[in-house]
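Have a look at the structure below, then the notes.
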Amino acid sequence: MIHTDALVIGAGPVGLFQVFQLGLLGLKAEIIDVLPQAGGQCIALYPDKPIYDIPGVPLCTGRELTQQLLVQAMPFMPADAPDAPSRNLHLGHMVSELRACADGGFQIETDKGLLIQARAVFIAAGAGAFVPRTLNLPGLAEAGNVHHFLHEASGTTAPWAGQHLIIHGGGDEALSAALSIARHPDLAQRPARLSLLHRRDQFQAEADLDAAVRDLMAAGEINLIVGMPTEATVDDGLVTSLQILGTDGQTRSQPLDHLLIRLGMSPKLGPLSNWGMALERKQVAVNTASFESSIPGLYAVGDINVYPGKKRLLLCGFHEATLAAHHAAAALNPDAPQHLLYTTTSPLLHQRLGVAK
Ligand SMILES: Cc1cc2nc3c(=O)[nH]c(=O)nc-3n(C[C@H](O)[C@H](O)[C@H](O)COP(=O)(O)OP(=O)(O)OC[C@H]3O[C@@H](n4cnc5c(N)ncnc54)[C@H](O)[C@@H]3O)c2cc1C
């Protein structure tokens with residue numbers, strides 16, 4: 001059981017900024033996301049698309065914004081080594097239960113059994129937990145060689161290195177995965193054979209991505225398989241082949257070593273709807289002075305909340321996280337003076353940021 005001041009559910013842009021704001025106010029936070037990477041929609045839905053309306057940042061992509069938010073929050077998300085993950089960032093965990101504790105605060109549990117007790121909880125869950133769309137064929141869900149995410153762990157070998165990998169999908173997610181795997185700078189990480197499986201010989205992807213993948217197909221680096229997978233052969237917990245119904249009406253068996261399903265993400269509100277706070281159309285109703293939900297100490301910020309005039313924009317989420325942090329700091333430390341301090345001039349904030357001279 002981890003004991004902390006604050007728990008942030010969702011490591012999207014607003015959740016990351018929430019950790020930063022809490023840190024400035026001297027509150028320690030743990031942060032959880034079901035995805036294997038921080039960044040929420042910015043990473044899962046539009047990593048390479050431009051954002052033009054962040055104040056003071058004329059242009060950045062979803063990936064760049066996430067990177068900057070992580071760098072900004074770093075004083076409050078320490079890691080054991082420069083490349084190591086932050087100790088208080090728990091990725092790949094879905095928060096499944098939230099209970100109020102008799103002596104105040106909350107206890108949460110994830111689907112992987114992580115238990116955290118926090119004095120305040122900040123729900124920054126966006127449209128819900130991002131879950132990859134998958135292929136519903138018997139045996140696939142349990143197979144050890146079926147993947148939904150790119151291999152990002154540095155210093156380890158990609159599971160498909162030197163083997164036959166089939167990527168399933170024809171949209172941006174599938175094509176960008178095919179491109180980054182085929183062009184992996186470390187040759188030893190590339191598969192020996194890379195196939196792209198899509199129901200037709202036309203993709204629904206950005207034109208430049210489409211063109212880059214077509215170039216690799218023409219060069220023989222990516223093999224296109226056109227058809228619909230109808231059955232999987234599973235042997236000893238591994239998919240060994242897919243039966244694929246081609247456009248000519250014939251079914252062919254396609255052997256493989258690994259299958260990477262890239263059909264996009266869909267958000268699932270899931271467990272949140274059972275936690276007892278007032279909801280309006282599947283969003284958490286909040287008070288705009290504090291961004292607290294109907295349950296004291298349980299805050300909701302970013303796309304997950306609703307209030308009169310709500311706009312689902314990044315800068316609105318950042319504002320909400322700031323006010324929620326100030327409210328929580330006052331509520332958790334009622335005897336401490338609550339002066340507004342500037343990062344520009346406050347020695348205390350400089351000390352917390354690790355920039356004190
Ligand atoms: C295509 C597109 C373009 C956009 N462009 C702009 C733009 O130009 N400018 C702008 O201001 N906004 C833009 N937006 C909106 C912006 O991305 C959102 O407002 C922002 O991402 C909301 O951030 P968030 O942190 O609240 O939620 P999200 O980004 O949705 O992150 C929420 C995170 O919480 C996680 N989560 C949820 N429930 C759980 C759970 N139970 N357990 C564990 N993890 C959980 C999810 O997996 C997710 O990672 C755009 C959105 C889209 C889709």
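Chain identifiers are assigned as A, B, and so on, following the order in which chains appear in the structure tokens; residues are numbered from 1 within each chain, and ligands are numbered from 1 in order of appearance.
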
What residues of the protein or nucleic acid chains come within 6 Å of ligand 1 when you use only C-alpha atoms and all ligand atoms? Reply as a count of residues only. 36

So that each row is one residue of stretch 208-272 of chain A with an atom at most 12 Å from stretch 177-191 of chain A, can you give its shortest atom pair and the distance in Å to one decimal, using only C-alpha atoms, rows by chain and rising number, as a tab-separated table?
residue	atom	partner	partner_atom	distance
A:Asp208	CA	A:Leu179	CA	11.3
A:Leu209	CA	A:Leu179	CA	8.1
A:Asp210	CA	A:Leu179	CA	9.8
A:Ala211	CA	A:Leu179	CA	10.6
A:Ala212	CA	A:Leu179	CA	7.5
A:Val213	CA	A:Leu179	CA	6.4
A:Arg214	CA	A:Leu179	CA	10.1
A:Asp215	CA	A:Leu179	CA	10.3
A:Leu216	CA	A:Ala182	CA	8.2
A:Met217	CA	A:Ala182	CA	10.5
A:Ala219	CA	A:Ala182	CA	11.4
A:Gly220	CA	A:Ala182	CA	10.9
A:Glu221	CA	A:Ala182	CA	7.1
A:Ile222	CA	A:Ala182	CA	7.6
A:Asn223	CA	A:Ala178	CA	10.5
A:Leu224	CA	A:Ala178	CA	10.9
A:Leu256	CA	A:Pro191	CA	11.2
A:Asp257	CA	A:Pro191	CA	9.8
A:His258	CA	A:Pro191	CA	9.5
A:Leu259	CA	A:Pro191	CA	11.6
A:Leu260	CA	A:Ala177	CA	9.0
A:Ile261	CA	A:Ala177	CA	9.9
A:Arg262	CA	A:Ala177	CA	7.9
A:Leu263	CA	A:Ala177	CA	11.0
A:Gly264	CA	A:Ala177	CA	11.4

Which of stretch 137-344 of chain A DSSP labels helix (DSSP H, G or I), written as number ranges by chain: A: 172-182, 187-189, 207-218, 270-274, 302-304, 314-332

State, in Å with one decimal place, the distance from atom CA of A:Leu332 to atom CA of A:Arg87.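 Spanning atom CA of A:Leu332 to atom CA of A:Arg87 is a straight-line distance of 23.4 Å.
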
Which residues, written as a PDB file with all heavy atoms, in the first residue's frame, have at least one atom at most 10 Å from stretch 291-293 of chain A, with only C-alpha atoms counted and residues fewer than 5 positions away on the same chain left out?
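Result file result_13.pdb:
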ATOM      1  N   VAL A 121      -8.149  12.841  -4.182  1.00  0.00           N
ATOM      2  CA  VAL A 121      -8.035  12.167  -5.480  1.00  0.00           C
ATOM      3  C   VAL A 121      -8.453  13.132  -6.577  1.00  0.00           C
ATOM      4  O   VAL A 121      -9.451  13.859  -6.447  1.00  0.00           O
ATOM      5  CB  VAL A 121      -8.894  10.880  -5.524  1.00  0.00           C
ATOM      6  CG1 VAL A 121      -8.962  10.309  -6.928  1.00  0.00           C
ATOM      7  CG2 VAL A 121      -8.325   9.828  -4.569  1.00  0.00           C
ATOM      8  N   PHE A 122      -7.678  13.140  -7.659  1.00  0.00           N
ATOM      9  CA  PHE A 122      -7.949  14.005  -8.816  1.00  0.00           C
ATOM     10  C   PHE A 122      -8.244  13.107 -10.007  1.00  0.00           C
ATOM     11  O   PHE A 122      -7.346  12.392 -10.474  1.00  0.00           O
ATOM     12  CB  PHE A 122      -6.738  14.902  -9.097  1.00  0.00           C
ATOM     13  CG  PHE A 122      -6.465  15.850  -7.965  1.00  0.00           C
ATOM     14  CD1 PHE A 122      -5.821  15.394  -6.819  1.00  0.00           C
ATOM     15  CD2 PHE A 122      -6.879  17.159  -8.027  1.00  0.00           C
ATOM     16  CE1 PHE A 122      -5.602  16.246  -5.744  1.00  0.00           C
ATOM     17  CE2 PHE A 122      -6.664  18.026  -6.964  1.00  0.00           C
ATOM     18  CZ  PHE A 122      -6.028  17.566  -5.815  1.00  0.00           C
ATOM     19  N   ILE A 123      -9.485  13.132 -10.455  1.00  0.00           N
ATOM     20  CA  ILE A 123      -9.848  12.317 -11.621  1.00  0.00           C
ATOM     21  C   ILE A 123      -9.553  13.158 -12.868  1.00  0.00           C
ATOM     22  O   ILE A 123     -10.186  14.188 -13.102  1.00  0.00           O
ATOM     23  CB  ILE A 123     -11.334  11.914 -11.579  1.00  0.00           C
ATOM     24  CG1 ILE A 123     -11.647  11.183 -10.271  1.00  0.00           C
ATOM     25  CG2 ILE A 123     -11.684  11.030 -12.765  1.00  0.00           C
ATOM     26  CD1 ILE A 123     -13.121  10.860 -10.083  1.00  0.00           C
ATOM     27  N   GLY A 276     -19.770   6.788  -7.189  1.00  0.00           N
ATOM     28  CA  GLY A 276     -20.721   7.484  -6.315  1.00  0.00           C
ATOM     29  C   GLY A 276     -20.806   8.987  -6.480  1.00  0.00           C
ATOM     30  O   GLY A 276     -21.646   9.632  -5.844  1.00  0.00           O
ATOM     31  N   MET A 277     -19.947   9.615  -7.298  1.00  0.00           N
ATOM     32  CA  MET A 277     -20.065  11.076  -7.431  1.00  0.00           C
ATOM     33  C   MET A 277     -21.157  11.397  -8.462  1.00  0.00           C
ATOM     34  O   MET A 277     -21.441  10.573  -9.344  1.00  0.00           O
ATOM     35  CB  MET A 277     -18.733  11.735  -7.805  1.00  0.00           C
ATOM     36  CG  MET A 277     -18.151  11.326  -9.101  1.00  0.00           C
ATOM     37  SD  MET A 277     -16.977   9.999  -8.868  1.00  0.00           S
ATOM     38  CE  MET A 277     -16.549   9.600 -10.513  1.00  0.00           C
ATOM     39  N   ALA A 278     -21.707  12.604  -8.356  1.00  0.00           N
ATOM     40  CA  ALA A 278     -22.789  12.989  -9.281  1.00  0.00           C
ATOM     41  C   ALA A 278     -22.229  13.083 -10.695  1.00  0.00           C
ATOM     42  O   ALA A 278     -21.177  13.696 -10.924  1.00  0.00           O
ATOM     43  CB  ALA A 278     -23.368  14.329  -8.836  1.00  0.00           C
ATOM     44  N   LEU A 279     -22.938  12.459 -11.636  1.00  0.00           N
ATOM     45  CA  LEU A 279     -22.525  12.501 -13.043  1.00  0.00           C
ATOM     46  C   LEU A 279     -23.610  13.189 -13.851  1.00  0.00           C
ATOM     47  O   LEU A 279     -24.792  13.115 -13.512  1.00  0.00           O
ATOM     48  CB  LEU A 279     -22.338  11.083 -13.595  1.00  0.00           C
ATOM     49  CG  LEU A 279     -21.268  10.186 -12.978  1.00  0.00           C
ATOM     50  CD1 LEU A 279     -21.252   8.822 -13.659  1.00  0.00           C
ATOM     51  CD2 LEU A 279     -19.890  10.816 -13.058  1.00  0.00           C
ATOM     52  N   VAL A 284     -18.254  14.034 -14.817  1.00  0.00           N
ATOM     53  CA  VAL A 284     -18.321  14.339 -13.391  1.00  0.00           C
ATOM     54  C   VAL A 284     -18.704  15.808 -13.209  1.00  0.00           C
ATOM     55  O   VAL A 284     -17.991  16.708 -13.685  1.00  0.00           O
ATOM     56  CB  VAL A 284     -16.957  14.053 -12.711  1.00  0.00           C
ATOM     57  CG1 VAL A 284     -17.050  14.301 -11.209  1.00  0.00           C
ATOM     58  CG2 VAL A 284     -16.496  12.630 -13.000  1.00  0.00           C
ATOM     59  N   ALA A 285     -19.814  16.041 -12.502  1.00  0.00           N
ATOM     60  CA  ALA A 285     -20.259  17.419 -12.252  1.00  0.00           C
ATOM     61  C   ALA A 285     -19.363  18.024 -11.178  1.00  0.00           C
ATOM     62  O   ALA A 285     -19.085  17.388 -10.156  1.00  0.00           O
ATOM     63  CB  ALA A 285     -21.707  17.397 -11.784  1.00  0.00           C
ATOM     64  N   VAL A 286     -18.870  19.241 -11.433  1.00  0.00           N
ATOM     65  CA  VAL A 286     -17.957  19.884 -10.470  1.00  0.00           C
ATOM     66  C   VAL A 286     -18.392  21.308 -10.145  1.00  0.00           C
ATOM     67  O   VAL A 286     -19.118  21.953 -10.914  1.00  0.00           O
ATOM     68  CB  VAL A 286     -16.491  19.937 -11.004  1.00  0.00           C
ATOM     69  CG1 VAL A 286     -15.862  18.570 -11.035  1.00  0.00           C
ATOM     70  CG2 VAL A 286     -16.422  20.609 -12.373  1.00  0.00           C
ATOM     71  N   LEU A 298     -12.677  14.697  -3.642  1.00  0.00           N
ATOM     72  CA  LEU A 298     -12.588  13.992  -4.932  1.00  0.00           C
ATOM     73  C   LEU A 298     -12.804  15.036  -6.032  1.00  0.00           C
ATOM     74  O   LEU A 298     -13.909  15.567  -6.178  1.00  0.00           O
ATOM     75  CB  LEU A 298     -13.674  12.916  -4.977  1.00  0.00           C
ATOM     76  CG  LEU A 298     -13.685  11.956  -6.154  1.00  0.00           C
ATOM     77  CD1 LEU A 298     -12.360  11.235  -6.269  1.00  0.00           C
ATOM     78  CD2 LEU A 298     -14.811  10.936  -5.977  1.00  0.00           C
ATOM     79  N   TYR A 299     -11.717  15.345  -6.736  1.00  0.00           N
ATOM     80  CA  TYR A 299     -11.741  16.416  -7.740  1.00  0.00           C
ATOM     81  C   TYR A 299     -11.847  15.806  -9.143  1.00  0.00           C
ATOM     82  O   TYR A 299     -11.463  14.651  -9.355  1.00  0.00           O
ATOM     83  CB  TYR A 299     -10.457  17.250  -7.637  1.00  0.00           C
ATOM     84  CG  TYR A 299     -10.311  17.952  -6.301  1.00  0.00           C
ATOM     85  CD1 TYR A 299      -9.819  17.267  -5.185  1.00  0.00           C
ATOM     86  CD2 TYR A 299     -10.692  19.273  -6.143  1.00  0.00           C
ATOM     87  CE1 TYR A 299      -9.713  17.892  -3.949  1.00  0.00           C
ATOM     88  CE2 TYR A 299     -10.582  19.914  -4.909  1.00  0.00           C
ATOM     89  CZ  TYR A 299     -10.094  19.214  -3.820  1.00  0.00           C
ATOM     90  OH  TYR A 299      -9.995  19.846  -2.589  1.00  0.00           O
ATOM     91  N   ALA A 300     -12.335  16.583 -10.097  1.00  0.00           N
ATOM     92  CA  ALA A 300     -12.353  16.112 -11.495  1.00  0.00           C
ATOM     93  C   ALA A 300     -11.913  17.264 -12.386  1.00  0.00           C
ATOM     94  O   ALA A 300     -12.459  18.375 -12.311  1.00  0.00           O
ATOM     95  CB  ALA A 300     -13.740  15.632 -11.883  1.00  0.00           C
ATOM     96  N   VAL A 301     -10.908  17.004 -13.212  1.00  0.00           N
ATOM     97  CA  VAL A 301     -10.317  18.053 -14.060  1.00  0.00           C
ATOM     98  C   VAL A 301     -10.163  17.549 -15.489  1.00  0.00           C
ATOM     99  O   VAL A 301     -10.056  16.349 -15.724  1.00  0.00           O
ATOM    100  CB  VAL A 301      -8.935  18.482 -13.501  1.00  0.00           C
ATOM    101  CG1 VAL A 301      -9.075  19.221 -12.178  1.00  0.00           C
ATOM    102  CG2 VAL A 301      -8.007  17.275 -13.318  1.00  0.00           C
ATOM    103  N   GLY A 302     -10.148  18.498 -16.428  1.00  0.00           N
ATOM    104  CA  GLY A 302      -9.961  18.121 -17.833  1.00  0.00           C
ATOM    105  C   GLY A 302     -11.257  17.611 -18.462  1.00  0.00           C
ATOM    106  O   GLY A 302     -12.361  17.910 -17.982  1.00  0.00           O
ATOM    107  N   ASN A 305     -14.757  16.332 -16.713  1.00  0.00           N
ATOM    108  CA  ASN A 305     -15.716  17.057 -15.878  1.00  0.00           C
ATOM    109  C   ASN A 305     -16.712  17.847 -16.733  1.00  0.00           C
ATOM    110  O   ASN A 305     -16.547  18.000 -17.957  1.00  0.00           O
ATOM    111  CB  ASN A 305     -14.995  17.953 -14.854  1.00  0.00           C
ATOM    112  CG  ASN A 305     -14.348  19.165 -15.482  1.00  0.00           C
ATOM    113  OD1 ASN A 305     -14.648  19.527 -16.620  1.00  0.00           O
ATOM    114  ND2 ASN A 305     -13.448  19.796 -14.752  1.00  0.00           N
ATOM    115  N   VAL A 306     -17.743  18.317 -16.055  1.00  0.00           N
ATOM    116  CA  VAL A 306     -18.744  19.133 -16.741  1.00  0.00           C
ATOM    117  C   VAL A 306     -19.225  20.226 -15.790  1.00  0.00           C
ATOM    118  O   VAL A 306     -19.321  20.008 -14.588  1.00  0.00           O
ATOM    119  CB  VAL A 306     -19.915  18.251 -17.263  1.00  0.00           C
ATOM    120  CG1 VAL A 306     -20.687  17.594 -16.124  1.00  0.00           C
ATOM    121  CG2 VAL A 306     -20.852  19.036 -18.155  1.00  0.00           C
ATOM    122  N   TYR A 307     -19.448  21.405 -16.348  1.00  0.00           N
ATOM    123  CA  TYR A 307     -19.976  22.551 -15.598  1.00  0.00           C
ATOM    124  C   TYR A 307     -20.487  23.536 -16.635  1.00  0.00           C
ATOM    125  O   TYR A 307     -20.143  23.416 -17.833  1.00  0.00           O
ATOM    126  CB  TYR A 307     -18.889  23.174 -14.687  1.00  0.00           C
ATOM    127  CG  TYR A 307     -17.601  23.539 -15.374  1.00  0.00           C
ATOM    128  CD1 TYR A 307     -17.419  24.778 -16.005  1.00  0.00           C
ATOM    129  CD2 TYR A 307     -16.538  22.643 -15.403  1.00  0.00           C
ATOM    130  CE1 TYR A 307     -16.222  25.105 -16.645  1.00  0.00           C
ATOM    131  CE2 TYR A 307     -15.337  22.968 -16.039  1.00  0.00           C
ATOM    132  CZ  TYR A 307     -15.187  24.191 -16.648  1.00  0.00           C
ATOM    133  OH  TYR A 307     -14.005  24.509 -17.278  1.00  0.00           O
ATOM    134  N   GLU A 320      -8.198  24.348 -14.709  1.00  0.00           N
ATOM    135  CA  GLU A 320      -8.950  23.572 -13.711  1.00  0.00           C
ATOM    136  C   GLU A 320      -8.002  22.873 -12.741  1.00  0.00           C
ATOM    137  O   GLU A 320      -8.227  22.868 -11.522  1.00  0.00           O
ATOM    138  CB  GLU A 320      -9.820  22.533 -14.434  1.00  0.00           C
ATOM    139  CG  GLU A 320     -10.904  23.156 -15.294  1.00  0.00           C
ATOM    140  CD  GLU A 320     -11.465  22.207 -16.353  1.00  0.00           C
ATOM    141  OE1 GLU A 320     -11.181  21.004 -16.306  1.00  0.00           O
ATOM    142  OE2 GLU A 320     -12.183  22.700 -17.250  1.00  0.00           O
ATOM    143  N   ALA A 321      -6.915  22.295 -13.285  1.00  0.00           N
ATOM    144  CA  ALA A 321      -5.947  21.585 -12.431  1.00  0.00           C
ATOM    145  C   ALA A 321      -5.313  22.555 -11.426  1.00  0.00           C
ATOM    146  O   ALA A 321      -5.067  22.199 -10.271  1.00  0.00           O
ATOM    147  CB  ALA A 321      -4.874  20.938 -13.296  1.00  0.00           C
ATOM    148  N   THR A 322      -5.068  23.788 -11.860  1.00  0.00           N
ATOM    149  CA  THR A 322      -4.445  24.788 -10.973  1.00  0.00           C
ATOM    150  C   THR A 322      -5.382  25.132  -9.809  1.00  0.00           C
ATOM    151  O   THR A 322      -4.986  25.106  -8.641  1.00  0.00           O
ATOM    152  CB  THR A 322      -4.122  26.068 -11.783  1.00  0.00           C
ATOM    153  OG1 THR A 322      -3.377  25.675 -12.930  1.00  0.00           O
ATOM    154  CG2 THR A 322      -3.336  27.059 -10.972  1.00  0.00           C
ATOM    155  N   LEU A 323      -6.649  25.414 -10.141  1.00  0.00           N
ATOM    156  CA  LEU A 323      -7.583  25.771  -9.063  1.00  0.00           C
ATOM    157  C   LEU A 323      -7.860  24.580  -8.146  1.00  0.00           C
ATOM    158  O   LEU A 323      -7.986  24.742  -6.930  1.00  0.00           O
ATOM    159  CB  LEU A 323      -8.888  26.318  -9.649  1.00  0.00           C
ATOM    160  CG  LEU A 323      -8.803  27.663 -10.370  1.00  0.00           C
ATOM    161  CD1 LEU A 323     -10.190  28.296 -10.489  1.00  0.00           C
ATOM    162  CD2 LEU A 323      -7.871  28.638  -9.668  1.00  0.00           C
ATOM    163  N   ALA A 324      -7.949  23.388  -8.720  1.00  0.00           N
ATOM    164  CA  ALA A 324      -8.195  22.195  -7.896  1.00  0.00           C
ATOM    165  C   ALA A 324      -7.031  21.983  -6.922  1.00  0.00           C
ATOM    166  O   ALA A 324      -7.242  21.684  -5.741  1.00  0.00           O
ATOM    167  CB  ALA A 324      -8.366  20.971  -8.794  1.00  0.00           C
ATOM    168  N   ALA A 325      -5.790  22.176  -7.394  1.00  0.00           N
ATOM    169  CA  ALA A 325      -4.631  21.991  -6.517  1.00  0.00           C
ATOM    170  C   ALA A 325      -4.657  23.001  -5.368  1.00  0.00           C
ATOM    171  O   ALA A 325      -4.409  22.645  -4.206  1.00  0.00           O
ATOM    172  CB  ALA A 325      -3.337  22.148  -7.325  1.00  0.00           C
ATOM    173  N   HIS A 327      -7.261  24.486  -4.085  1.00  0.00           N
ATOM    174  CA  HIS A 327      -8.343  24.149  -3.155  1.00  0.00           C
ATOM    175  C   HIS A 327      -7.919  22.987  -2.259  1.00  0.00           C
ATOM    176  O   HIS A 327      -8.127  23.002  -1.041  1.00  0.00           O
ATOM    177  CB  HIS A 327      -9.627  23.792  -3.916  1.00  0.00           C
ATOM    178  CG  HIS A 327     -10.787  23.616  -2.988  1.00  0.00           C
ATOM    179  ND1 HIS A 327     -11.085  22.401  -2.414  1.00  0.00           N
ATOM    180  CD2 HIS A 327     -11.692  24.499  -2.476  1.00  0.00           C
ATOM    181  CE1 HIS A 327     -12.134  22.530  -1.610  1.00  0.00           C
ATOM    182  NE2 HIS A 327     -12.527  23.811  -1.636  1.00  0.00           N
ATOM    183  N   ALA A 328      -7.317  21.964  -2.861  1.00  0.00           N
ATOM    184  CA  ALA A 328      -6.919  20.787  -2.080  1.00  0.00           C
ATOM    185  C   ALA A 328      -5.851  21.167  -1.052  1.00  0.00           C
ATOM    186  O   ALA A 328      -5.895  20.702   0.091  1.00  0.00           O
ATOM    187  CB  ALA A 328      -6.395  19.703  -3.016  1.00  0.00           C
TER     188      ALA A 328
END

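For A:His3, the non-local neighbours within 8 Å, defined as residues at least 2 positions apart in the same chain or in other chains and counting only C-alpha atoms, are Met1, Asp5, Ile116, Gln117 and Ala118 of chain A.
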
DSSP-assigned strand (DSSP E or B) among stretch 159-216 of chain A, expressed as a ChimeraX atom specification: /A:164-168,171,193-198,204
